[in-house]
Structures are given as C-alpha cells and as structure tokens.
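Asks: Structure: final30.txt, compact mmCIF, C-alpha atoms and all ligand atoms.
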```
# COMPACT_ATOMS: atom_id res chain seq x y z
CA MET A 1 0.00 0.00 0.00
CA LYS A 2 2.78 2.43 0.99
CA GLN A 3 4.67 1.60 -2.21
CA ILE A 4 1.66 2.36 -4.39
CA PHE A 5 1.22 5.68 -2.62
CA ILE A 6 4.86 6.61 -3.30
CA VAL A 7 4.53 5.65 -6.96
CA VAL A 8 1.40 7.77 -7.34
CA CYS A 9 3.13 10.71 -5.69
CA ALA A 10 6.14 10.37 -7.96
CA LEU A 11 3.94 10.17 -11.05
CA THR A 12 1.99 13.24 -9.99
CA LEU A 13 5.18 15.22 -9.45
CA LEU A 14 6.56 14.11 -12.79
CA SER A 15 3.44 15.04 -14.71
CA GLN A 16 3.31 18.43 -12.95
CA SER A 17 6.87 19.27 -13.88
CA ALA A 18 6.18 18.16 -17.45
CA VAL A 19 3.21 20.55 -17.65
CA ALA A 20 5.31 23.35 -16.19
CA GLN A 21 8.05 22.74 -18.74
CA GLN A 22 5.55 22.74 -21.56
CA LYS A 23 4.08 26.02 -20.43
CA THR A 24 7.33 27.94 -20.22
CA PRO A 25 8.50 28.14 -23.86
CA PRO A 26 5.29 29.55 -25.47
CA LYS A 27 5.25 32.23 -22.77
CA ALA A 28 8.77 33.33 -23.53
CA LYS A 29 8.29 33.61 -27.30
CA PRO A 30 5.76 36.47 -27.52
CA THR A 31 7.81 38.51 -25.03
CA THR A 32 10.91 38.51 -27.25
CA LYS A 33 8.78 39.22 -30.33
CA LYS A 34 7.17 42.22 -28.65
CA ALA A 35 10.52 43.67 -27.63
CA ALA A 36 11.76 43.39 -31.21
CA THR A 37 8.79 45.22 -32.73
CA ALA A 38 8.66 47.89 -30.00
CA ALA A 39 12.23 49.09 -30.58
CA PRO A 40 11.80 50.95 -33.92
CA LYS A 41 8.54 52.54 -32.70
CA THR A 42 10.29 54.49 -29.97
CA ALA A 43 12.96 55.75 -32.39
CA ALA A 44 10.52 57.11 -34.97
CA VAL A 45 8.00 59.92 -34.55
CA ALA A 46 4.68 58.63 -33.15
CA ALA A 47 2.09 57.93 -35.85
CA ALA A 48 -0.60 59.67 -33.78
CA THR A 49 1.44 62.90 -33.77
CA LEU A 50 1.79 62.80 -37.56
CA THR A 51 -1.95 62.19 -38.01
CA ALA A 52 -2.83 65.08 -35.69
CA GLY A 53 -0.21 67.31 -37.34
CA LYS A 54 -1.52 66.58 -40.80
CA ALA A 55 -5.02 67.63 -39.71
CA VAL A 56 -3.69 70.98 -38.40
CA TYR A 57 -1.68 71.42 -41.62
CA THR A 58 -4.68 70.70 -43.87
CA GLN A 59 -6.80 73.24 -42.03
CA ASN A 60 -4.26 76.05 -41.59
CA CYS A 61 -1.28 75.78 -43.91
CA LEU A 62 -2.23 73.83 -47.02
CA THR A 63 -3.84 76.73 -48.93
CA CYS A 64 -0.48 78.53 -49.16
CA HIS A 65 2.19 75.85 -48.78
CA MET A 66 0.23 73.22 -50.79
CA ALA A 67 -0.51 69.56 -50.03
CA ASP A 68 2.98 68.45 -51.09
CA GLY A 69 4.72 71.30 -49.20
CA GLY A 70 5.95 72.68 -52.53
CA GLY A 71 4.59 76.19 -51.98
CA VAL A 72 3.73 78.58 -54.82
CA GLU A 73 6.53 80.12 -56.86
CA ARG A 74 7.33 83.72 -55.84
CA MET A 75 4.23 83.75 -53.59
CA ASN A 76 4.63 81.17 -50.77
CA PRO A 77 7.88 79.35 -49.98
CA PRO A 78 8.18 75.56 -50.04
CA LEU A 79 8.50 73.63 -46.76
CA ASN A 80 10.65 70.84 -48.13
CA GLY A 81 14.30 71.07 -47.28
CA THR A 82 14.36 74.75 -46.23
CA THR A 83 16.82 75.82 -43.54
CA TRP A 84 13.84 77.29 -41.64
CA VAL A 85 12.01 73.96 -41.40
CA LEU A 86 15.04 71.77 -40.73
CA GLY A 87 17.07 74.26 -38.69
CA ASP A 88 16.72 76.05 -35.35
CA LYS A 89 13.52 75.01 -33.57
CA THR A 90 13.05 78.37 -31.82
CA ARG A 91 13.14 80.30 -35.11
CA LEU A 92 10.71 77.79 -36.64
CA VAL A 93 8.20 77.94 -33.78
CA LYS A 94 8.35 81.76 -33.87
CA VAL A 95 7.41 81.78 -37.58
CA VAL A 96 4.15 80.06 -36.64
CA LEU A 97 3.56 82.18 -33.51
CA ASN A 98 4.36 85.57 -35.10
CA GLY A 99 3.98 85.07 -38.85
CA LEU A 100 6.62 86.28 -41.33
CA GLU A 101 6.93 89.04 -43.91
CA GLY A 102 9.64 90.35 -46.22
CA GLU A 103 12.20 87.67 -45.26
CA ASP A 104 14.33 85.93 -47.86
CA ILE A 105 13.90 82.16 -47.61
CA ASP A 106 17.13 80.46 -48.68
CA GLY A 107 17.89 83.29 -51.12
CA GLU A 108 14.39 83.66 -52.58
CA SER A 109 11.85 86.38 -51.81
CA TYR A 110 8.11 85.78 -51.64
CA ALA A 111 5.31 88.28 -52.25
CA SER A 112 2.72 86.81 -49.88
CA VAL A 113 2.58 87.26 -46.11
CA MET A 114 2.66 84.44 -43.54
CA PRO A 115 -0.04 85.16 -40.95
CA ALA A 116 0.49 84.59 -37.21
CA PHE A 117 -0.98 81.39 -35.79
CA ASP A 118 -0.66 82.16 -32.07
CA ALA A 119 -4.27 81.06 -31.56
CA LEU A 120 -3.18 77.45 -32.08
CA THR A 121 -2.43 75.49 -28.90
CA ASP A 122 1.10 74.38 -27.96
CA LYS A 123 0.16 70.84 -28.97
CA GLN A 124 -1.31 71.90 -32.33
CA ILE A 125 1.89 73.81 -33.13
CA SER A 126 4.19 70.98 -32.00
CA ASP A 127 2.10 68.46 -33.96
CA VAL A 128 2.03 70.49 -37.17
CA LEU A 129 5.75 71.31 -37.07
CA THR A 130 6.67 67.70 -36.25
CA TYR A 131 4.51 66.69 -39.21
CA VAL A 132 6.18 69.25 -41.51
CA ARG A 133 9.66 68.21 -40.31
CA ASN A 134 8.83 64.58 -41.19
CA SER A 135 6.89 65.02 -44.44
CA PHE A 136 7.61 66.21 -48.00
CA GLY A 137 10.94 64.37 -47.88
CA ASN A 138 12.02 66.13 -44.64
CA LYS A 139 13.57 64.15 -41.80
CA ALA A 140 14.17 66.00 -38.54
CA THR A 141 13.56 65.57 -34.82
CA ALA A 142 10.11 66.08 -33.31
CA ILE A 143 9.12 69.28 -31.53
CA SER A 144 7.28 68.80 -28.23
CA ALA A 145 4.40 70.82 -26.82
CA ALA A 146 6.64 71.66 -23.84
CA GLU A 147 9.23 73.21 -26.18
CA VAL A 148 6.52 75.32 -27.86
CA LYS A 149 5.30 76.41 -24.42
CA THR A 150 8.78 77.60 -23.43
CA ILE A 151 9.32 79.45 -26.72
CA ARG A 152 5.87 81.04 -26.50
CA ALA A 153 6.62 82.24 -22.95
CA SER A 154 9.83 84.01 -24.06
CA ASN A 155 8.31 85.24 -27.34
CA LYS A 156 8.09 89.05 -27.44
CA LYS A 157 5.04 90.37 -29.20
C1 LIG B 201 -1.57 82.99 -46.29
C2 LIG B 201 -0.55 82.07 -46.72
C3 LIG B 201 0.17 81.24 -45.67
C4 LIG B 201 -0.37 80.39 -44.73
C5 LIG B 201 -1.83 80.09 -44.47
C6 LIG B 201 0.76 79.80 -44.02
N1 LIG B 201 1.92 80.30 -44.52
FE1 LIG B 201 3.79 79.80 -43.93
N2 LIG B 201 4.57 81.24 -45.10
C7 LIG B 201 3.87 82.00 -46.00
C8 LIG B 201 4.76 82.98 -46.63
C9 LIG B 201 4.38 83.99 -47.68
C10 LIG B 201 6.02 82.78 -46.04
C11 LIG B 201 7.30 83.58 -46.33
C12 LIG B 201 7.23 84.93 -45.67
C13 LIG B 201 8.42 85.79 -46.01
O1 LIG B 201 8.90 85.70 -47.14
O2 LIG B 201 8.87 86.57 -45.14
C14 LIG B 201 5.88 81.65 -45.12
C15 LIG B 201 6.92 81.10 -44.40
C16 LIG B 201 6.82 79.94 -43.67
C17 LIG B 201 7.94 79.23 -43.08
C18 LIG B 201 9.42 79.63 -43.14
C19 LIG B 201 9.98 79.55 -44.52
C20 LIG B 201 10.02 78.17 -45.12
O3 LIG B 201 9.44 78.03 -46.22
O4 LIG B 201 10.60 77.24 -44.54
C21 LIG B 201 7.43 78.15 -42.44
C22 LIG B 201 8.20 77.09 -41.69
C23 LIG B 201 6.00 78.20 -42.60
N3 LIG B 201 5.66 79.29 -43.35
C24 LIG B 201 5.12 77.27 -42.06
C25 LIG B 201 3.75 77.41 -42.07
C26 LIG B 201 2.86 76.58 -41.29
C27 LIG B 201 3.28 75.43 -40.41
C28 LIG B 201 1.59 77.05 -41.54
C29 LIG B 201 0.31 76.58 -40.92
C30 LIG B 201 0.22 76.61 -39.47
C31 LIG B 201 1.71 78.15 -42.48
N4 LIG B 201 3.02 78.35 -42.77
C32 LIG B 201 0.64 78.86 -43.01
C33 LIG B 201 2.52 81.91 -46.28
C34 LIG B 201 1.61 81.19 -45.51
```
Just give me the structure as structure tokens.
Ligand code: HEC
Replies:
Amino acid sequence: MKQIFIVVCALTLLSQSAVAQQKTPPKAKPTTKKAATAAPKTAAVAAATLTAGKAVYTQNCLTCHMADGGGVERMNPPLNGTTWVLGDKTRLVKVVLNGLEGEDIDGESYASVMPAFDALTDKQISDVLTYVRNSFGNKATAISAAEVKTIRASNKK
C-alpha cells in the first residue's frame, strides 16, 4: 500500500513538472517578439502625432504651402528642405507664432505674407511642425508641446 502511494506521488510530481516545462516556452516567445517590434517605434515619430499634425496642416497651412509642401513660386515658400524647417527650432516655432513678412527664404523672396498662428495650442503647433519636419521628404527631430510652451513664454510680441 505504501509503495503504491509513493509511486502515485512520484507520477503526480513528474506530470506536474512536465506541464510546467511545456508552459514555459510559449510564454517566452511572444515577449521577445514584442521587444523586437517595439524598438523601432520608440525611435521614430509617433504615428498619432503625424496624423494630428496633418489635420492641423490641412486646415491652416495647405492653402499657401500646398498639399505636397511645394509652396507657390514667388508667392509662398516651399516647406521641403528649407533651412527654416530643418534648422533652429526656436526660429521655426516663432514663424508660426508671429507670422513672417519680407524675409528671404534660402535666397528667394516671396510676395505673400505668412499670418500669425498664435491662436493654435502648444500641442497643435508641435504636432504640425513635427509633421512638416517629417513630411515632403524632410527628416528632422520632433518638436514637443513643452518646447513650444517655453518658446511662447519668451516670445516678445
Ligand atoms: C496665407 C498664406 C500662408 C499660410 C496660411 C501659411 N503660410 Fe507659412 N509662409 C507664407 C509665406 C508667404 C512665407 C514667407 C514669408 C516671407 O517671405 O517673409 C511663409 C513662411 C513659412 C515658413 C518659413 C519659410 C520656409 O518656407 O521654410 C514656415 C516654416 C511656414 N511658413 C510654415 C507654415 C505653417 C506650419 C503654416 C500653418 C500653421 C503656415 N506656414 C501657413 C505663407 C503662408
């Protein structure tokens, strides 16, 4: 009787460890897969920011700078590859906050006037500029709402 009990115990333990071993590998697999797909996401600009930025662009900027960011010759400058778009963030944010008039853009002059968009929120401005800096062939770092807030605070009217 005692022997049978020991055998049953041993069998139970064996089958339990077998189940545990079976369970471990499928658990580990999805974890490594997730880590691999999550890595590039953090490096690139968030898709949600680009979607929100495109909406702000379509509503406020598209009529002058065009859907492809190409602008209108001698009227409105392009937004692809200009030193203003890709360069200093403070200067770029101030163009949107204050507007721009009579400035040469990379050696070209434009007849139209860029209106001020200071009624847009910090997030709308950071979204639209992040979108512009990562569209039309541009590739530059994102601008955060916190950065816009700081620049707006020090922006003289
Ligand atoms: C009414 C037409 C108009 C609208 C609307 C407009 N812009 Fe402009 N924008 C201009 C003009 C004209 C200039 C150049 C002004 C100058 O020559 O001094 C300019 C200049 C710029 C520049 C700097 C020069 C360059 O081409 O890199 C940026 C950046 C810019 N605009 C972004 C925007 C964004 C973002 C919006 C929407 C929030 C917007 N603009 C809306 C007409 C416009």
Asks: Residues at most 12 Å from A:Asp127, counting all atoms listed in the file, excluding those fewer than 5 positions away in the same chain, as a PyMOL selection string?
Replies: chain A and resi 45-57+93+120-122+132-134+141-148
Asks: Kindly work out which residues sit at most 7 Å from ligand LIG 201 (chain B), using only C-alpha atoms and all ligand atoms, and give the list as a ChimeraX atom specification.
Replies: /A:56-57,60-65,75-79,82-85,92,95-96,100-105,109-115,117,128-129,132
Asks: Would you mind exporting C-alpha atoms of the selected residues as a JSON list (two decimals), in the frame of the given file?
Replies:
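Result went into again.json, see below:
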```json
[["chain", "number", "residue", "atom", "x", "y", "z"],
["A", 56, "VAL", "CA", -3.69, 70.98, -38.40],
["A", 57, "TYR", "CA", -1.68, 71.42, -41.62],
["A", 60, "ASN", "CA", -4.26, 76.05, -41.59],
["A", 61, "CYS", "CA", -1.28, 75.78, -43.91],
["A", 62, "LEU", "CA", -2.23, 73.83, -47.02],
["A", 63, "THR", "CA", -3.84, 76.73, -48.93],
["A", 64, "CYS", "CA", -0.48, 78.53, -49.16],
["A", 65, "HIS", "CA", 2.19, 75.85, -48.78],
["A", 75, "MET", "CA", 4.23, 83.75, -53.59],
["A", 76, "ASN", "CA", 4.63, 81.17, -50.77],
["A", 77, "PRO", "CA", 7.88, 79.35, -49.98],
["A", 78, "PRO", "CA", 8.18, 75.56, -50.04],
["A", 79, "LEU", "CA", 8.50, 73.63, -46.76],
["A", 82, "THR", "CA", 14.36, 74.75, -46.23],
["A", 83, "THR", "CA", 16.82, 75.82, -43.54],
["A", 84, "TRP", "CA", 13.84, 77.29, -41.64],
["A", 85, "VAL", "CA", 12.01, 73.96, -41.40],
["A", 92, "LEU", "CA", 10.71, 77.79, -36.64],
["A", 95, "VAL", "CA", 7.41, 81.78, -37.58],
["A", 96, "VAL", "CA", 4.15, 80.06, -36.64],
["A", 100, "LEU", "CA", 6.62, 86.28, -41.33],
["A", 101, "GLU", "CA", 6.93, 89.04, -43.91],
["A", 102, "GLY", "CA", 9.64, 90.35, -46.22],
["A", 103, "GLU", "CA", 12.20, 87.67, -45.26],
["A", 104, "ASP", "CA", 14.33, 85.93, -47.86],
["A", 105, "ILE", "CA", 13.90, 82.16, -47.61],
["A", 109, "SER", "CA", 11.85, 86.38, -51.81],
["A", 110, "TYR", "CA", 8.11, 85.78, -51.64],
["A", 111, "ALA", "CA", 5.31, 88.28, -52.25],
["A", 112, "SER", "CA", 2.72, 86.81, -49.88],
["A", 113, "VAL", "CA", 2.58, 87.26, -46.11],
["A", 114, "MET", "CA", 2.66, 84.44, -43.54],
["A", 115, "PRO", "CA", -0.04, 85.16, -40.95],
["A", 117, "PHE", "CA", -0.98, 81.39, -35.79],
["A", 128, "VAL", "CA", 2.03, 70.49, -37.17],
["A", 129, "LEU", "CA", 5.75, 71.31, -37.07],
["A", 132, "VAL", "CA", 6.18, 69.25, -41.51]]
```
Asks: So the first atom is atom CA of A:Leu86 and the second is atom CA of A:Ala140; what is the distance between them in Å, to one decimal place?
Replies: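 These atoms are spaced 6.2 Å apart.
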Asks: Would you mind telling me which residue in A:Asp118, A:Gln59, A:Ala44, A:Asn80 lies nearest to A:Phe136 when using only C-alpha atoms?
Replies: A:Asn80
Asks: Rounded to one decimal place, report the atom CA of A:Thr58-atom CA of A:Arg74 distance in Å.
Replies: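 Value for the atom CA of A:Thr58-atom CA of A:Arg74 distance: 21.4 Å.
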Asks: Would you compute the distance between atom CA of A:Thr90 and atom CA of A:Thr130? Give it in Å to one decimal.
Replies: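 That distance, rounded to one decimal, is 13.2 Å.
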